[in-house]
Amino acid sequence: MQHQQHLIVIGGGAAGFFCAINAARLNPNLRVTIVEKSNKILSKVKVSGGGRCNVTHACFDIAELVKYYPRGLNFLKKAFHWFNPKNTVDWFAERGVQLKTEADGRMFPITDNSQTIIDCLLREANKYKVEILFQCDIKSVELQDNNFVLHTFNFPLLTANFLCIACGGFPKSSQFEWLTQTGHTIEEPVPSLFTFNMPGNTITQLMGVSVENATVKIAGTKLQQTGPVLITHWGLSGPGVLKLSAWAARELADCNYKFSTIINWLPAFNEHTLKEEILHVRNRDAAHKISSKNAFGLPARLWQYFLEQCGINPELRWADLPAKQQQKLVQTITGQVFDVNGKTTFKEEFVTSGGIKLQEIDANAMQSKLVPNLYFAGEIMNVDGVTGGFNFQHAWTSGFIAAKSIVGIY
């Protein structure tokens with residue numbers, strides 16, 4: 001009787017689960033084990049999207065899709081040909097889980113409950129007899145006679161013919177040491193997807209105020225993003241800020257999160273065109289008080305804040321606005337500068353930029369170019385996306401490709 005081959009997947013998150021259940025499904029003779037160092041599985045799936053699980057994004061053009069990934073663009077161009085958002089939607093639909101698309105393109109289960117996704121993945125794991133070992137922390141990995149031997153802190157030795165590493169990102173490069181023993185090199189990890197802290201800035205008094213569209217720029221660079229911005233009690237947040245933090249992750253780490261950011265609160269205008277528009281407003285609303293006639297659809301509290309910042313008496317009529325204060329108002333709205341000192345990351349949204357160098361991985365198989373039968377899936381690789389379902393899509397894609405490669409289906 002032929003010896004049953006064994007796949008071990010390190011990590012019980014989205015990428016690890018997707019690799020394990022698809023490999024077990026595609027080859028029923030393969031023994032598949034997930035090892036998870038904590039006592040929880042699919043924890044990011046559980047809390048993502050405020051507990052609704054932002055499964056993927058309704059971007060079905062690969063050339064457009066890869067633009068949402070600050071790192072890994074060329075790698076993903078190849079990978080997404082094998083499994084992309086349409087495949088994700090179809091995969092879940094085939095298992096009775098329908099997804100819906102929201103106005104911003106994010107896709108959620110129609111139940112608006114992440115448990116729907118977790119239950120689906122667990123059903124597949126049970127159906128195909130995937131084993132799960134909890135609180136199994138890997139100390140080191142070695143290769144013996146073309147098999148992998150896993151040394152753990154609290155379990156006996158584990159052996160496998162195939163190994164898929166899908167344990168997520170690590171905040172410190174020292175935590176990758178057990179992986180560098182396999183000969184792989186690490187791109188230094190730095191945080192991605194974080195908010196900007198501005199301690200003591202008066203704008204934080206407007207916490208809870210949001211602007212649907214603003215352009216956020218890192219001063220002295222070309223790095224900028226446009227999107228919703230939320231004012232918080234510690235600084236600036238919202239998708240526009242989070243997206244920028246992803247694209248600027250390395251630059252902001254280098255300056256220890258001390259930098260200046262420039263906000264254009266009305267990105268449809270620049271300084272010149274807003275000046276022209278205000279002249280038009282002055283003529284049209286000459287007799288109205290500036291404070292009561294906000295012509296630009298900005299939140300009332302933010303408009304009052306701009307008037308205070310520019311020393312404009314809120315009782316003043318538009319017709320009586322002095323040229324100097326008008327110019328200051330234009331400059332404040334289109335290019336307000338804030339000093340940022342620090343960042344805030346949320347555990348559920350935390351993503352690391354960095355990980356296994358992509359040059360060492362075959363994008364069409366997720367297999368190591370250095371070690372046969374060693375595979376990677378998810379955030380352990382130097383790939384990260386902006387917020388909006390893109391990191392989960394990479395998890396599904398890399399997990400699926402690894403599974404197909406492991407069972408020999410190309």
# chains A, B, ... in the order shown; residues from 1 in each chain; ligands from 1

$ residues_around --residues "Leu298 of chain A" --least-positions-apart "4" --cutoff "12 Å" --atoms "only C-alpha atoms" --output "list in words"
Val209, Ser210, Val211, Glu212, Asn213, Ala214, Trp265, Leu266, Pro267, Ser291, Lys293, Asn294, Leu302, Trp303, Gln304, Tyr305, Phe306 and Ile333 of chain A

$ select_by_dssp --residues "segment 139-350 of chain A" --states "alpha helix (DSSP H)" --output "ChimeraX atom specification"
/A:177-180,239-247,249-254,271-284,300-309,323-335

$ residues_around --residues "Ile312 of chain A" --least-positions-apart "6" --cutoff "12 Å" --atoms "only C-alpha atoms" --output "list in words"
Lys289, Ile290, Ser291, Trp303, Gln304, Tyr305, Phe306, Trp318, Asp320, Leu321, Pro322, Ala323, Lys324, Gln325, Gln326, Gln327, Lys328 and Leu329 of chain A

$ select_by_dssp --residues "segment 49-260 of chain A" --states "strand (DSSP E)" --output "PyMOL selection string"
chain A and resi 56-57+99-101+106-109+131-133+138-144+147-152+158-160+162-165+186-192+195-197+210-218+224-231+235-237+258-260

$ closest_residue --among "A:Leu26, A:Val241, A:Cys136, A:Leu73" --to "Ser38 of chain A" --atoms "only C-alpha atoms"
A:Cys136

$ closest_residue --among "A:Pro85, A:Gly51, A:Gly378, A:Pro299" --to "Ile117 of chain A" --atoms "only C-alpha atoms"
A:Gly51

$ closest_residue --among "A:Thr116, A:Thr387, A:Asn147, A:Thr344" --to "Phe92 of chain A" --atoms "only C-alpha atoms"
A:Thr116

$ closest_residue --among "A:Gln5, A:Trp247, A:Val35, A:Phe259" --to "Phe155 of chain A" --atoms "only C-alpha atoms"
A:Val35

$ residues_around --residues "Cys255 of chain A" --least-positions-apart "6" --cutoff "12 Å" --atoms "only C-alpha atoms" --output "ChimeraX atom specification"
/A:218,248-249,340-343

$ write_last_selection --atoms "all heavy atoms" --output "short mmCIF file (atom, residue, chain, number, x, y, z; two decimals), in the first residue's frame"
data_model
loop_
_atom_site.label_atom_id
_atom_site.label_comp_id
_atom_site.auth_asym_id
_atom_site.auth_seq_id
_atom_site.Cartn_x
_atom_site.Cartn_y
_atom_site.Cartn_z
N ILE A 218 1.76 63.41 1.25
CA ILE A 218 2.92 63.48 2.14
C ILE A 218 3.81 64.61 1.64
O ILE A 218 4.28 64.57 0.49
CB ILE A 218 3.72 62.16 2.16
CG1 ILE A 218 2.82 60.96 2.49
CG2 ILE A 218 4.89 62.26 3.15
CD1 ILE A 218 2.18 60.99 3.86
N ALA A 248 2.82 54.67 1.31
CA ALA A 248 3.97 55.37 1.88
C ALA A 248 4.58 54.61 3.05
O ALA A 248 5.38 55.17 3.81
CB ALA A 248 3.53 56.76 2.35
N ALA A 249 4.24 53.32 3.21
CA ALA A 249 4.64 52.56 4.40
C ALA A 249 6.14 52.64 4.68
O ALA A 249 6.55 52.89 5.82
CB ALA A 249 4.21 51.10 4.25
N VAL A 340 2.43 65.53 11.61
CA VAL A 340 2.06 64.21 12.11
C VAL A 340 3.19 63.68 12.98
O VAL A 340 4.36 63.80 12.63
CB VAL A 340 1.77 63.23 10.94
CG1 VAL A 340 1.43 61.84 11.47
CG2 VAL A 340 0.64 63.77 10.06
N ASN A 341 2.82 63.12 14.12
CA ASN A 341 3.82 62.52 15.01
C ASN A 341 3.26 61.22 15.56
O ASN A 341 2.59 61.18 16.58
CB ASN A 341 4.15 63.50 16.15
CG ASN A 341 5.29 62.99 17.02
OD1 ASN A 341 5.82 61.90 16.80
ND2 ASN A 341 5.67 63.77 18.02
N GLY A 342 3.50 60.15 14.84
CA GLY A 342 3.05 58.84 15.29
C GLY A 342 1.92 58.28 14.45
O GLY A 342 1.39 58.95 13.56
N LYS A 343 1.57 57.03 14.73
CA LYS A 343 0.54 56.32 13.98
C LYS A 343 -0.27 55.47 14.94
O LYS A 343 0.16 55.21 16.06
CB LYS A 343 1.17 55.43 12.91
CG LYS A 343 2.09 54.38 13.52
CD LYS A 343 2.56 53.35 12.55
CE LYS A 343 3.62 52.45 13.15
NZ LYS A 343 3.31 51.86 14.44
#

$ atom_distance --atom1 "atom CA of Glu64 of chain A" --atom2 "atom CA of Val45 of chain A"
24.6 Å
